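Structure file start28.cif; described as mmCIF, C-alpha atoms and all ligand atoms.
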```cif
data_model
#
loop_
_atom_site.group_PDB
_atom_site.id
_atom_site.type_symbol
_atom_site.label_atom_id
_atom_site.label_comp_id
_atom_site.auth_asym_id
_atom_site.auth_seq_id
_atom_site.Cartn_x
_atom_site.Cartn_y
_atom_site.Cartn_z
ATOM 1 C CA MET G 1 116.129 93.951 124.846
ATOM 2 C CA GLU G 2 115.234 91.500 122.088
ATOM 3 C CA ILE G 3 111.638 90.292 121.900
ATOM 4 C CA ASP G 4 112.489 86.669 122.890
ATOM 5 C CA GLU G 5 114.478 87.900 125.844
ATOM 6 C CA TYR G 6 111.592 90.125 126.888
ATOM 7 C CA GLN G 7 109.103 87.254 126.678
ATOM 8 C CA ALA G 8 111.383 85.013 128.759
ATOM 9 C CA VAL G 9 111.809 87.661 131.475
ATOM 10 C CA ARG G 10 108.087 88.238 131.467
ATOM 11 C CA THR G 11 107.257 84.555 131.904
ATOM 12 C CA GLN G 12 109.841 84.240 134.705
ATOM 13 C CA CYS G 13 108.478 87.298 136.548
ATOM 14 C CA LEU G 14 104.934 86.018 136.288
ATOM 15 C CA ALA G 15 106.026 82.615 137.650
ATOM 16 C CA TRP G 16 107.611 84.280 140.681
ATOM 17 C CA LEU G 17 104.650 86.545 141.204
ATOM 18 C CA THR G 18 102.124 83.711 141.222
ATOM 19 C CA ARG G 19 103.898 82.319 144.295
ATOM 20 C CA LEU G 20 103.168 85.451 146.297
ATOM 21 C CA THR G 21 99.980 85.349 148.315
ATOM 22 C CA GLY G 22 97.800 87.917 150.028
ATOM 23 C CA GLU G 23 96.994 91.503 149.199
ATOM 24 C CA GLN G 24 100.567 92.459 148.314
ATOM 25 C CA GLY G 25 100.790 89.529 145.901
ATOM 26 C CA ASP G 26 97.570 90.607 144.185
ATOM 27 C CA GLY G 27 98.743 94.203 144.008
ATOM 28 C CA LEU G 28 102.097 93.250 142.496
ATOM 29 C CA ARG G 29 100.501 90.943 139.934
ATOM 30 C CA ARG G 30 98.125 93.707 138.836
ATOM 31 C CA LEU G 31 101.004 96.144 138.574
ATOM 32 C CA PHE G 32 103.069 93.681 136.565
ATOM 33 C CA GLU G 33 100.222 92.854 134.203
ATOM 34 C CA GLY G 34 99.640 96.588 133.661
ATOM 35 C CA CYS G 35 103.336 97.116 132.816
ATOM 36 C CA ALA G 36 103.487 94.088 130.521
ATOM 37 C CA SER G 37 100.316 95.173 128.751
ATOM 38 C CA LEU G 38 101.704 98.682 128.300
ATOM 39 C CA ALA G 39 104.989 97.325 126.909
ATOM 40 C CA ASP G 40 103.097 95.144 124.397
ATOM 41 C CA CYS G 41 100.889 98.032 123.405
ATOM 42 C CA LEU G 42 103.778 100.468 122.889
ATOM 43 C CA ALA G 43 105.683 97.871 120.853
ATOM 44 C CA ILE G 44 102.741 97.515 118.433
ATOM 45 C CA ILE G 45 102.343 101.284 118.151
ATOM 46 C CA GLU G 46 106.046 101.565 117.299
ATOM 47 C CA GLU G 47 105.582 99.022 114.483
ATOM 48 C CA ARG G 48 103.443 101.666 112.858
ATOM 49 C CA GLY G 49 106.122 104.261 113.592
ATOM 50 C CA ALA G 50 108.743 102.111 111.879
ATOM 51 C CA ARG G 51 106.593 101.966 108.726
ATOM 52 C CA MET G 52 105.987 105.713 108.551
ATOM 53 C CA ARG G 53 107.568 107.153 105.457
ATOM 54 C CA CYS G 54 106.196 110.673 105.419
ATOM 55 C CA CYS G 55 105.219 113.485 107.729
ATOM 56 C CA PRO G 56 101.528 113.344 108.765
ATOM 57 C CA HIS G 57 101.404 117.151 108.753
ATOM 58 C CA CYS G 58 102.854 118.076 105.347
ATOM 59 C CA GLY G 59 103.578 114.765 103.590
ATOM 60 C CA ALA G 60 107.311 115.408 103.165
ATOM 61 C CA ASP G 61 109.547 112.329 103.374
ATOM 62 C CA LYS G 62 112.520 113.716 105.291
ATOM 63 C CA LEU G 63 112.031 112.572 108.875
ATOM 64 C CA TYR G 64 114.386 112.073 111.743
ATOM 65 C CA ARG G 65 114.084 110.686 115.254
ATOM 66 C CA HIS G 66 113.640 113.360 117.848
ATOM 67 C CA GLY G 67 113.619 111.928 121.359
ATOM 68 C CA ILE G 68 110.992 109.969 123.228
ATOM 69 C CA LEU G 69 107.847 111.434 124.727
ATOM 70 C CA ARG G 70 105.496 109.514 127.058
ATOM 71 C CA GLY G 71 107.018 106.214 126.026
ATOM 72 C CA LEU G 72 106.686 106.819 122.281
ATOM 73 C CA GLN G 73 109.381 107.613 119.737
ATOM 74 C CA ARG G 74 109.029 111.147 118.498
ATOM 75 C CA TYR G 75 109.918 112.134 114.941
ATOM 76 C CA ARG G 76 110.506 115.483 113.345
ATOM 77 C CA CYS G 77 109.994 116.659 109.793
ATOM 78 C CA ARG G 78 112.823 118.535 108.094
ATOM 79 C CA GLN G 79 110.426 120.414 105.876
ATOM 80 C CA CYS G 80 107.728 121.744 108.227
ATOM 81 C CA ARG G 81 109.805 121.318 111.410
ATOM 82 C CA ARG G 82 106.841 119.870 113.273
ATOM 83 C CA SER G 83 107.164 116.811 115.460
ATOM 84 C CA PHE G 84 104.869 113.802 115.646
ATOM 85 C CA ASN G 85 104.687 110.175 116.722
ATOM 86 C CA ALA G 86 103.186 106.979 115.319
ATOM 87 C CA LEU G 87 99.688 108.000 116.467
ATOM 88 C CA THR G 88 99.610 111.591 115.224
ATOM 89 C CA LYS G 89 96.532 112.277 113.090
ATOM 90 C CA THR G 90 94.999 108.884 113.876
ATOM 91 C CA PRO G 91 91.819 108.373 115.958
ATOM 92 C CA LEU G 92 94.054 106.980 118.726
ATOM 93 C CA ALA G 93 96.205 110.114 119.014
ATOM 94 C CA PHE G 94 94.892 111.568 122.233
ATOM 95 C CA ILE G 95 93.672 108.585 124.168
ATOM 96 C CA ARG G 96 95.569 107.808 127.315
ATOM 97 C CA LEU G 97 95.874 104.887 129.754
ATOM 98 C CA ARG G 98 97.698 102.784 127.184
ATOM 99 C CA GLU G 99 98.207 99.977 129.683
ATOM 100 C CA LYS G 100 94.455 99.409 129.391
ATOM 101 C CA TRP G 101 94.189 99.337 125.609
ATOM 102 C CA LEU G 102 94.868 95.620 125.203
ATOM 103 C CA PRO G 103 92.596 94.554 128.101
ATOM 104 C CA PHE G 104 89.900 96.778 126.579
ATOM 105 C CA LEU G 105 90.357 95.199 123.138
ATOM 106 C CA GLN G 106 90.056 91.783 124.808
ATOM 107 C CA CYS G 107 86.610 92.931 126.000
ATOM 108 C CA MET G 108 85.757 93.945 122.443
ATOM 109 C CA LEU G 109 86.759 90.487 121.213
ATOM 110 C CA GLY G 110 84.168 89.213 123.687
ATOM 111 C CA SER G 111 81.564 91.632 122.217
ATOM 112 C CA MET G 112 81.086 93.225 125.627
ATOM 113 C CA THR G 113 78.709 96.120 126.123
ATOM 114 C CA VAL G 114 80.072 99.573 126.963
ATOM 115 C CA ARG G 115 79.230 99.077 130.614
ATOM 116 C CA ALA G 116 80.721 95.589 130.946
ATOM 117 C CA ALA G 117 83.957 96.644 129.229
ATOM 118 C CA ALA G 118 84.174 99.683 131.532
ATOM 119 C CA GLU G 119 83.733 97.561 134.635
ATOM 120 C CA THR G 120 86.206 94.907 133.499
ATOM 121 C CA THR G 121 88.986 97.351 132.631
ATOM 122 C CA GLY G 122 88.298 99.979 135.297
ATOM 123 C CA ILE G 123 87.586 102.912 132.995
ATOM 124 C CA HIS G 124 84.590 105.257 132.958
ATOM 125 C CA ARG G 125 81.520 104.305 130.883
ATOM 126 C CA ASN G 126 81.857 107.372 128.671
ATOM 127 C CA THR G 127 85.512 106.533 128.086
ATOM 128 C CA SER G 128 84.520 102.991 127.217
ATOM 129 C CA PHE G 129 82.083 104.244 124.579
ATOM 130 C CA ARG G 130 84.636 106.688 123.144
ATOM 131 C CA TRP G 131 87.361 104.050 122.993
ATOM 132 C CA ARG G 132 85.084 101.558 121.251
ATOM 133 C CA HIS G 133 84.565 103.951 118.380
ATOM 134 C CA ARG G 134 88.145 105.220 118.285
ATOM 135 C CA PHE G 135 89.443 101.661 117.883
ATOM 136 C CA LEU G 136 86.817 100.840 115.276
ATOM 137 C CA ALA G 137 87.338 104.029 113.269
ATOM 138 C CA MET G 138 90.310 102.521 111.442
ATOM 139 C CA ALA G 139 89.800 98.814 112.191
ATOM 140 C CA LYS G 140 86.570 98.957 110.173
ATOM 141 C CA ASP G 141 88.672 99.394 107.019
ATOM 142 C CA ASP G 142 90.646 96.227 107.663
ATOM 143 C CA ARG G 143 89.215 94.303 104.701
ATOM 144 C CA PRO G 144 90.748 92.004 102.159
ATOM 145 C CA LYS G 145 90.221 93.273 98.614
ATOM 146 C CA PRO G 146 89.390 92.700 95.865
ATOM 147 C CA LEU G 147 86.525 90.225 95.860
ATOM 148 C CA SER G 148 86.895 87.632 93.119
ATOM 149 C CA GLY G 149 85.196 84.668 91.449
ATOM 150 C CA ILE G 150 81.521 84.426 92.296
ATOM 151 C CA VAL G 151 80.572 87.475 94.360
ATOM 152 C CA GLU G 152 77.248 87.520 96.177
ATOM 153 C CA ALA G 153 75.740 90.924 96.886
ATOM 154 C CA ASP G 154 72.558 91.741 98.740
ATOM 155 C CA GLU G 155 71.180 94.397 101.056
ATOM 156 C CA THR G 156 69.463 94.238 104.367
ATOM 157 C CA TYR G 157 67.765 97.084 106.199
ATOM 158 C CA LEU G 158 67.711 98.424 109.732
ATOM 159 C CA LEU G 159 65.461 101.085 111.150
ATOM 160 C CA GLU G 160 67.315 104.411 111.128
ATOM 161 C CA SER G 161 68.415 105.400 114.644
ATOM 162 C CA GLN G 162 69.508 108.708 116.129
ATOM 163 C CA LYS G 163 70.549 107.099 119.403
ATOM 164 C CA GLY G 164 72.799 109.380 121.413
ATOM 165 C CA ALA G 165 72.259 112.391 119.106
ATOM 166 C CA ARG G 166 72.061 115.837 120.771
ATOM 167 C CA HIS G 167 69.686 117.244 118.195
ATOM 168 C CA MET G 168 67.249 114.898 116.536
ATOM 169 C CA THR G 169 66.057 115.719 113.049
ATOM 170 C CA ARG G 170 62.664 114.089 113.593
ATOM 171 C CA PRO G 171 60.284 113.559 116.523
ATOM 172 C CA PRO G 172 61.288 110.555 118.674
ATOM 173 C CA ARG G 173 59.523 107.261 118.037
ATOM 174 C CA ARG G 174 57.301 106.026 120.796
ATOM 175 C CA ARG G 175 58.200 102.621 122.170
ATOM 176 C CA GLY G 176 61.376 102.530 120.152
ATOM 177 C CA GLY G 177 61.346 100.688 116.980
ATOM 178 C CA ARG G 178 58.883 100.435 114.177
ATOM 179 C CA ALA G 179 58.787 102.082 110.782
ATOM 180 C CA LYS G 180 55.659 104.053 109.934
ATOM 181 C CA LYS G 181 55.635 103.100 106.307
ATOM 182 C CA ARG G 182 55.562 99.593 104.954
ATOM 183 C CA GLY G 183 58.252 98.234 102.662
ATOM 184 C CA ILE G 184 61.691 99.729 102.152
ATOM 185 C CA SER G 185 61.193 103.398 102.910
ATOM 186 C CA GLY G 186 63.554 106.258 103.673
ATOM 187 C CA GLU G 187 63.241 105.350 107.362
ATOM 188 C CA LEU G 188 65.492 102.354 106.832
ATOM 189 C CA ASP G 189 69.283 102.311 106.628
ATOM 190 C CA CYS G 190 70.477 100.162 103.777
ATOM 191 C CA ILE G 191 73.347 97.774 104.534
ATOM 192 C CA LEU G 192 74.989 96.363 101.451
ATOM 193 C CA VAL G 193 77.103 93.239 101.867
ATOM 194 C CA ALA G 194 79.233 91.584 99.189
ATOM 195 C CA ARG G 195 81.027 88.319 99.770
ATOM 196 C CA ASP G 196 82.994 86.008 97.554
ATOM 197 C CA ARG G 197 83.245 82.245 97.906
ATOM 198 C CA GLN G 198 86.593 82.530 99.707
ATOM 199 C CA GLY G 199 84.695 84.347 102.452
ATOM 200 C CA ARG G 200 86.200 87.763 101.702
ATOM 201 C CA THR G 201 83.538 90.226 102.733
ATOM 202 C CA CYS G 202 82.945 93.944 102.195
ATOM 203 C CA ASP G 203 80.050 95.986 103.476
ATOM 204 C CA PHE G 204 78.751 99.483 102.988
ATOM 205 C CA VAL G 205 76.069 101.783 104.307
ATOM 206 C CA PRO G 206 75.133 103.594 101.080
ATOM 207 C CA GLY G 207 72.187 105.525 102.538
ATOM 208 C CA ARG G 208 68.495 105.190 103.339
ATOM 209 C CA GLY G 209 65.953 103.350 101.272
ATOM 210 C CA PRO G 210 66.495 100.916 98.383
ATOM 211 C CA VAL G 211 69.982 100.630 96.931
ATOM 212 C CA THR G 212 70.527 102.359 93.566
ATOM 213 C CA ALA G 213 72.798 101.594 90.607
ATOM 214 C CA ALA G 214 74.733 104.810 91.340
ATOM 215 C CA GLN G 215 75.409 103.645 94.908
ATOM 216 C CA LEU G 216 76.547 100.250 93.634
ATOM 217 C CA GLN G 217 78.949 102.032 91.308
ATOM 218 C CA GLN G 218 80.287 104.159 94.142
ATOM 219 C CA HIS G 219 80.734 101.388 96.712
ATOM 220 C CA LEU G 220 80.741 97.971 95.087
ATOM 221 C CA LEU G 221 82.649 98.642 91.871
ATOM 222 C CA PRO G 222 85.959 99.601 93.563
ATOM 223 C CA VAL G 223 86.152 96.315 95.529
ATOM 224 C CA LEU G 224 85.411 93.948 92.631
ATOM 225 C CA ASP G 225 88.057 92.091 90.670
ATOM 226 C CA LYS G 226 87.787 92.527 86.886
ATOM 227 C CA ALA G 227 86.403 89.085 86.089
ATOM 228 C CA VAL G 228 83.774 88.469 88.746
ATOM 229 C CA LEU G 229 80.421 86.786 88.382
ATOM 230 C CA LEU G 230 77.983 88.845 90.379
ATOM 231 C CA ALA G 231 75.167 86.897 92.069
ATOM 232 C CA THR G 232 72.226 88.906 93.372
ATOM 233 C CA ASP G 233 68.466 88.887 93.732
ATOM 234 C CA ALA G 234 66.309 90.262 90.932
ATOM 235 C CA ALA G 235 66.431 93.930 92.016
ATOM 236 C CA THR G 236 66.812 96.178 88.966
ATOM 237 C CA ALA G 237 69.651 98.236 90.515
ATOM 238 C CA TYR G 238 72.014 95.248 90.207
ATOM 239 C CA ARG G 239 70.998 94.505 86.639
ATOM 240 C CA GLU G 240 71.523 98.118 85.643
ATOM 241 C CA PHE G 241 74.866 98.328 87.477
ATOM 242 C CA ALA G 242 76.204 95.108 85.939
ATOM 243 C CA LYS G 243 75.148 96.176 82.449
ATOM 244 C CA ASP G 244 76.701 99.638 82.777
ATOM 245 C CA HIS G 245 80.073 98.220 83.808
ATOM 246 C CA GLY G 246 80.187 95.048 81.727
ATOM 247 C CA ILE G 247 80.103 92.771 84.769
ATOM 248 C CA ALA G 248 78.867 89.177 84.354
ATOM 249 C CA HIS G 249 75.677 88.883 86.371
ATOM 250 C CA ARG G 250 73.162 86.192 87.344
ATOM 251 C CA ALA G 251 70.124 86.815 89.476
ATOM 252 C CA VAL G 252 67.882 84.545 91.504
ATOM 253 C CA ASN G 253 64.287 85.607 91.745
ATOM 254 C CA LEU G 254 63.636 85.266 95.466
ATOM 255 C CA ARG G 255 60.108 86.626 95.147
ATOM 256 C CA GLN G 256 59.211 83.713 92.938
ATOM 257 C CA GLY G 257 60.669 81.290 95.439
ATOM 258 C CA GLU G 258 63.821 80.747 93.412
ATOM 259 C CA ARG G 259 66.674 80.421 95.925
ATOM 260 C CA VAL G 260 69.462 78.597 94.160
ATOM 261 C CA LEU G 261 70.431 78.358 90.496
ATOM 262 C CA GLY G 262 73.363 75.953 90.451
ATOM 263 C CA GLU G 263 76.147 77.920 92.092
ATOM 264 C CA ILE G 264 74.178 81.146 91.948
ATOM 265 C CA HIS G 265 72.605 82.201 95.221
ATOM 266 C CA VAL G 266 72.974 84.856 97.904
ATOM 267 C CA GLN G 267 72.747 82.535 100.879
ATOM 268 C CA ASN G 268 76.215 83.303 102.266
ATOM 269 C CA VAL G 269 75.434 86.994 102.312
ATOM 270 C CA ASN G 270 72.004 86.395 103.813
ATOM 271 C CA ARG G 271 73.575 84.282 106.541
ATOM 272 C CA TYR G 272 76.004 87.116 107.206
ATOM 273 C CA HIS G 273 73.093 89.572 107.492
ATOM 274 C CA ALA G 274 71.474 87.270 110.039
ATOM 275 C CA VAL G 275 74.677 86.890 112.078
ATOM 276 C CA PHE G 276 75.103 90.660 112.144
ATOM 277 C CA LYS G 277 71.538 91.401 113.205
ATOM 278 C CA THR G 278 71.529 88.738 115.909
ATOM 279 C CA TRP G 279 74.860 89.952 117.278
ATOM 280 C CA LEU G 280 73.574 93.544 117.287
ATOM 281 C CA ILE G 281 70.722 92.724 119.668
ATOM 282 C CA ARG G 282 73.034 92.842 122.701
ATOM 283 C CA PHE G 283 73.671 96.548 122.103
ATOM 284 C CA HIS G 284 69.955 97.451 122.253
ATOM 285 C CA GLY G 285 69.970 99.517 119.081
ATOM 286 C CA VAL G 286 72.932 101.352 117.599
ATOM 287 C CA ALA G 287 73.067 104.819 116.048
ATOM 288 C CA SER G 288 72.906 104.895 112.251
ATOM 289 C CA ARG G 289 76.084 106.958 112.045
ATOM 290 C CA TYR G 290 78.029 104.180 113.785
ATOM 291 C CA LEU G 291 76.734 101.331 111.610
ATOM 292 C CA PRO G 292 79.999 101.096 109.603
ATOM 293 C CA HIS G 293 81.884 100.656 112.893
ATOM 294 C CA TYR G 294 79.667 97.782 114.007
ATOM 295 C CA LEU G 295 79.954 96.182 110.586
ATOM 296 C CA GLY G 296 83.739 96.412 110.900
ATOM 297 C CA TRP G 297 83.584 94.893 114.369
ATOM 298 C CA ILE G 298 81.485 91.866 113.390
ATOM 299 C CA HIS G 299 83.695 91.428 110.339
ATOM 300 C CA GLY G 300 86.735 91.140 112.602
ATOM 301 C CA LEU G 301 84.983 88.640 114.838
ATOM 302 C CA ASP G 302 83.093 86.604 112.265
ATOM 303 C CA CYS G 303 85.810 86.267 109.683
ATOM 304 C CA ARG G 304 88.050 85.142 112.552
ATOM 305 C CA HIS G 305 91.022 87.138 111.535
ATOM 306 C CA LEU G 306 90.989 88.872 114.920
ATOM 307 C CA SER G 307 91.493 86.478 117.787
ATOM 308 C CA THR G 308 93.905 88.335 120.079
ATOM 309 C CA PRO G 309 93.852 91.920 121.376
ATOM 310 C CA GLN G 310 97.256 92.433 119.749
ATOM 311 C CA GLN G 311 95.757 91.588 116.336
ATOM 312 C CA PHE G 312 92.864 93.927 117.037
ATOM 313 C CA LEU G 313 95.257 96.765 117.834
ATOM 314 C CA ARG G 314 97.208 96.096 114.642
ATOM 315 C CA ALA G 315 93.943 96.221 112.670
ATOM 316 C CA ALA G 316 93.197 99.590 114.303
ATOM 317 C CA LEU G 317 96.658 100.958 113.554
ATOM 318 C CA PHE G 318 97.366 99.609 110.097
ATOM 319 C CA PRO G 319 94.215 98.222 108.487
ATOM 320 C CA ALA G 320 94.835 96.134 105.365
ATOM 321 C CA GLY G 321 92.362 98.134 103.302
ATOM 322 C CA SER G 322 93.910 101.539 104.014
HETATM 323 ZN ZN ZN U 401 106.144 117.976 107.664
#
```

Written form, structure tokens:
Amino acid sequence: MEIDEYQAVRTQCLAWLTRLTGEQGDGLRRLFEGCASLADCLAIIEERGARMRCCPHCGADKLYRHGILRGLQRYRCRQCRRSFNALTKTPLAFIRLREKWLPFLQCMLGSMTVRAAAETTGIHRNTSFRWRHRFLAMAKDDRPKPLSGIVEADETYLLESQKGARHMTRPPRRRGGRAKKRGISGELDCILVARDRQGRTCDFVPGRGPVTAAQLQQHLLPVLDKAVLLATDAATAYREFAKDHGIAHRAVNLRQGERVLGEIHVQNVNRYHAVFKTWLIRFHGVASRYLPHYLGWIHGLDCRHLSTPQQFLRAALFPAGS
């Protein structure tokens, strides 16, 4: 069935179903929505299948179709003889209940907590938590690159968190959250954000404590266009990094109350930091190891390129940055 035909049938069925009343009507509507959601979901997964050019097991490029298993096209590799589908070796490989994926992603578009998303979609809380991170594992890399023109870069810090860890590497903090030391110590996770004036944004979690020139080289350098003008605060790491790599650089000295020098400022990045931290409050603290996932999530929401669950699923299956 062609996609237009499918959409027409779907609309017609839904129109008929809305006329039914009572318990049976409700039951049928739920069933239909589940089926429609599953069909949509499988169609998007198969888009990834259609783009696959090599075997996820051995990398060989001689593939052939090999039947259908649980609704998904199966392929087989001529070289290693192993079979696979569009999800093999992705974080979404072994998660079931595909009719609930799109409703769940709709909850993520609404920034729902684990519990609220579980209740809305009828899955277990632990499943809800696992799904959140499976979907974000690849979606977090869905970033436009490179950054060009004037690129603002600045860090912000969050108290390191071992939330959910089985074995903590330090004694727990009493009453949750305060650093023992003042200033930017090794107790703080560094979040580096770079954003150009077109709104293209990249972020990194380089480690704990103040950002270093080596970390900037590792994370920032690969996402910068050749002829950028880097705008930062007066931290020496940026100066050193820019000098080492011949990058044009202007700094504003925030400590001396200097916020804007013509077009040079880091206010867009600082606003982004604030949006991220405010949004994070609803989750009551997130584990340090998941910070990149949450940064990917807010990026999808804030930069508005994800507005439907279908787009979210595409970002999770074929992120632009991968
Ligand atoms: Zn193979």

Note to self: Report as a ChimeraX atom specification all protein, DNA and RNA residues lying within 10 Å of Asp61 in chain G, evaluated on all atoms listed in the file, omitting residues in the same chain fewer than 6 positions from it.
What the structure shows: /G:52-55,77-79

Checklist line | Residues within 12 Å of (74.7, 93.1, 116.2), counting only C-alpha atoms, listed as a ChimeraX atom specification | finding: /G:111-113,158,272-287,290-299,301-302

Residue contacts of His305 in chain G (12 Å, all atoms listed in the file) excluding same-chain residues fewer than 3 positions away, as a PDB file with C-alpha atoms, in the frame of the given file:
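Once written, selection-v2.pdb looks like this:
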```pdb
ATOM      1  CA  LEU G 109      86.759  90.487 121.213  1.00  0.00           C
ATOM      2  CA  ALA G 139      89.800  98.814 112.191  1.00  0.00           C
ATOM      3  CA  ASP G 142      90.646  96.227 107.663  1.00  0.00           C
ATOM      4  CA  ARG G 143      89.215  94.303 104.701  1.00  0.00           C
ATOM      5  CA  PRO G 144      90.748  92.004 102.159  1.00  0.00           C
ATOM      6  CA  GLY G 199      84.695  84.347 102.452  1.00  0.00           C
ATOM      7  CA  ARG G 200      86.200  87.763 101.702  1.00  0.00           C
ATOM      8  CA  THR G 201      83.538  90.226 102.733  1.00  0.00           C
ATOM      9  CA  GLY G 296      83.739  96.412 110.900  1.00  0.00           C
ATOM     10  CA  TRP G 297      83.584  94.893 114.369  1.00  0.00           C
ATOM     11  CA  ILE G 298      81.485  91.866 113.390  1.00  0.00           C
ATOM     12  CA  HIS G 299      83.695  91.428 110.339  1.00  0.00           C
ATOM     13  CA  GLY G 300      86.735  91.140 112.602  1.00  0.00           C
ATOM     14  CA  LEU G 301      84.983  88.640 114.838  1.00  0.00           C
ATOM     15  CA  ASP G 302      83.093  86.604 112.265  1.00  0.00           C
ATOM     16  CA  THR G 308      93.905  88.335 120.079  1.00  0.00           C
ATOM     17  CA  PRO G 309      93.852  91.920 121.376  1.00  0.00           C
ATOM     18  CA  GLN G 310      97.256  92.433 119.749  1.00  0.00           C
ATOM     19  CA  GLN G 311      95.757  91.588 116.336  1.00  0.00           C
ATOM     20  CA  PHE G 312      92.864  93.927 117.037  1.00  0.00           C
ATOM     21  CA  ARG G 314      97.208  96.096 114.642  1.00  0.00           C
ATOM     22  CA  ALA G 315      93.943  96.221 112.670  1.00  0.00           C
ATOM     23  CA  PRO G 319      94.215  98.222 108.487  1.00  0.00           C
ATOM     24  CA  ALA G 320      94.835  96.134 105.365  1.00  0.00           C
TER      25      ALA G 320
END
```

Next item on the list: Within 12 Å of Ile68 in chain G, counting all atoms listed in the file, which residues show up once you throw out same-chain ones fewer than 5 positions away? Write them as a PyMOL selection string, please.
Entry: chain G and resi 42+46+73-76+83-86

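Candidate residues G:Ala231, G:Val269, G:Ala116, G:Leu188 were compared for distance to Asn253 in chain G, and the nearest is G:Ala231, using only C-alpha atoms.
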
Next item on the list: Can you give me, as a PyMOL selection string, the residues this file yields under the PyMOL selection byres (((chain G and resi 259-266) around 9) and not hetatm)?
Entry: chain G and resi 150-154+195+230-233+250-254+256-258+267-271

Next item on the list: Excluding Phe135 in chain G and any residue of its chain fewer than 2 positions from it, enumerate the residues within 8 Å of it, using all atoms listed in the file, and give them as a ChimeraX atom specification.
Entry: /G:91-92,131-133,137-139,313,316

Next, the residues of the selection above should be written as a PDB file, keeping the file's coordinate frame with C-alpha atoms.
```pdb
ATOM      1  CA  PRO G  91      91.819 108.373 115.958  1.00  0.00           C
ATOM      2  CA  LEU G  92      94.054 106.980 118.726  1.00  0.00           C
ATOM      3  CA  TRP G 131      87.361 104.050 122.993  1.00  0.00           C
ATOM      4  CA  ARG G 132      85.084 101.558 121.251  1.00  0.00           C
ATOM      5  CA  HIS G 133      84.565 103.951 118.380  1.00  0.00           C
ATOM      6  CA  ALA G 137      87.338 104.029 113.269  1.00  0.00           C
ATOM      7  CA  MET G 138      90.310 102.521 111.442  1.00  0.00           C
ATOM      8  CA  ALA G 139      89.800  98.814 112.191  1.00  0.00           C
ATOM      9  CA  LEU G 313      95.257  96.765 117.834  1.00  0.00           C
ATOM     10  CA  ALA G 316      93.197  99.590 114.303  1.00  0.00           C
TER      11      ALA G 316
END
```

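When all atoms listed in the file are used to compute distances to ligand ZN 401 (chain U), the closest of the residues G:Leu63, G:Ala15, G:Leu20, G:Leu31 turns out to be G:Leu63.
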
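For the residues G:Tyr64, G:Arg29, G:Ala39, G:Leu87, ranking by smallest atom-to-atom distance to ligand ZN 401 (chain U) using all atoms listed in the file places G:Tyr64 first.
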
Checklist line | Residues matched by the PyMOL selection byres (((chain G and resi 241) around 8) and not hetatm), written as a ChimeraX atom specification | finding: /G:213-214,216-217,237-240,242-245

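Candidate residues G:Cys202, G:Arg70, G:Pro222, G:Gln12 were compared for distance to Phe94 in chain G, and the nearest is G:Arg70, using all atoms listed in the file.
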
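You will find CA of Thr88 in chain G at 15.9 Å from CA of Cys41 in chain G.
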
Residue members of the PyMOL selection byres (((chain G and resi 148) around 9) and not hetatm) in the file shown, as a tab-separated table (two decimals) with C-alpha atoms, keeping the file's coordinate frame:
```tsv
chain	number	residue	atom	x	y	z
G	145	LYS	CA	90.22	93.27	98.61
G	146	PRO	CA	89.39	92.70	95.86
G	147	LEU	CA	86.52	90.22	95.86
G	149	GLY	CA	85.20	84.67	91.45
G	150	ILE	CA	81.52	84.43	92.30
G	151	VAL	CA	80.57	87.48	94.36
G	195	ARG	CA	81.03	88.32	99.77
G	196	ASP	CA	82.99	86.01	97.55
G	197	ARG	CA	83.24	82.24	97.91
G	198	GLN	CA	86.59	82.53	99.71
G	200	ARG	CA	86.20	87.76	101.70
G	224	LEU	CA	85.41	93.95	92.63
G	225	ASP	CA	88.06	92.09	90.67
G	226	LYS	CA	87.79	92.53	86.89
G	227	ALA	CA	86.40	89.08	86.09
G	228	VAL	CA	83.77	88.47	88.75
G	229	LEU	CA	80.42	86.79	88.38
```

Check: Counting all atoms listed in the file, what is within 12 Å of Leu97 in chain G, bar same-chain residues fewer than 4 positions away, as a PyMOL selection string?
Finding: chain G and resi 34-35+37-38+41-42+70-71+92-93+101-104+121-124+127-128+131

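Of the listed residues (G:Glu187, G:Leu17, G:Gly25, G:Cys80), G:Cys80 comes nearest to ligand ZN 401 (chain U); the distances count all atoms listed in the file.
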
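Here the question is which of G:Gly67, G:Gly49, G:Gly59, G:Gly27 gets nearest to ligand ZN 401 (chain U) using only C-alpha atoms and all ligand atoms, and that residue is G:Gly59.
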
For range 126-131 of chain G, which lacks atoms in the input, supply N, CA and C atoms and format the output as an mmCIF file, in the coordinates of the input.
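Saved file selection-v9.cif follows:
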```cif
data_model
loop_
_atom_site.group_PDB
_atom_site.id
_atom_site.type_symbol
_atom_site.label_atom_id
_atom_site.label_comp_id
_atom_site.auth_asym_id
_atom_site.auth_seq_id
_atom_site.Cartn_x
_atom_site.Cartn_y
_atom_site.Cartn_z
ATOM 1 N N ASN G 126 81.744 106.487 129.841
ATOM 2 C CA ASN G 126 81.857 107.372 128.671
ATOM 3 C C ASN G 126 83.163 107.124 127.921
ATOM 4 N N THR G 127 84.217 106.849 128.699
ATOM 5 C CA THR G 127 85.512 106.533 128.086
ATOM 6 C C THR G 127 85.399 105.245 127.277
ATOM 7 N N SER G 128 84.703 104.285 127.862
ATOM 8 C CA SER G 128 84.520 102.991 127.217
ATOM 9 C C SER G 128 83.824 103.153 125.863
ATOM 10 N N PHE G 129 82.795 103.996 125.833
ATOM 11 C CA PHE G 129 82.083 104.244 124.579
ATOM 12 C C PHE G 129 83.007 104.937 123.574
ATOM 13 N N ARG G 130 83.743 105.943 124.044
ATOM 14 C CA ARG G 130 84.636 106.688 123.144
ATOM 15 C C ARG G 130 85.713 105.775 122.578
ATOM 16 N N TRP G 131 86.311 104.972 123.438
ATOM 17 C CA TRP G 131 87.361 104.050 122.993
ATOM 18 C C TRP G 131 86.836 103.083 121.947
#
```
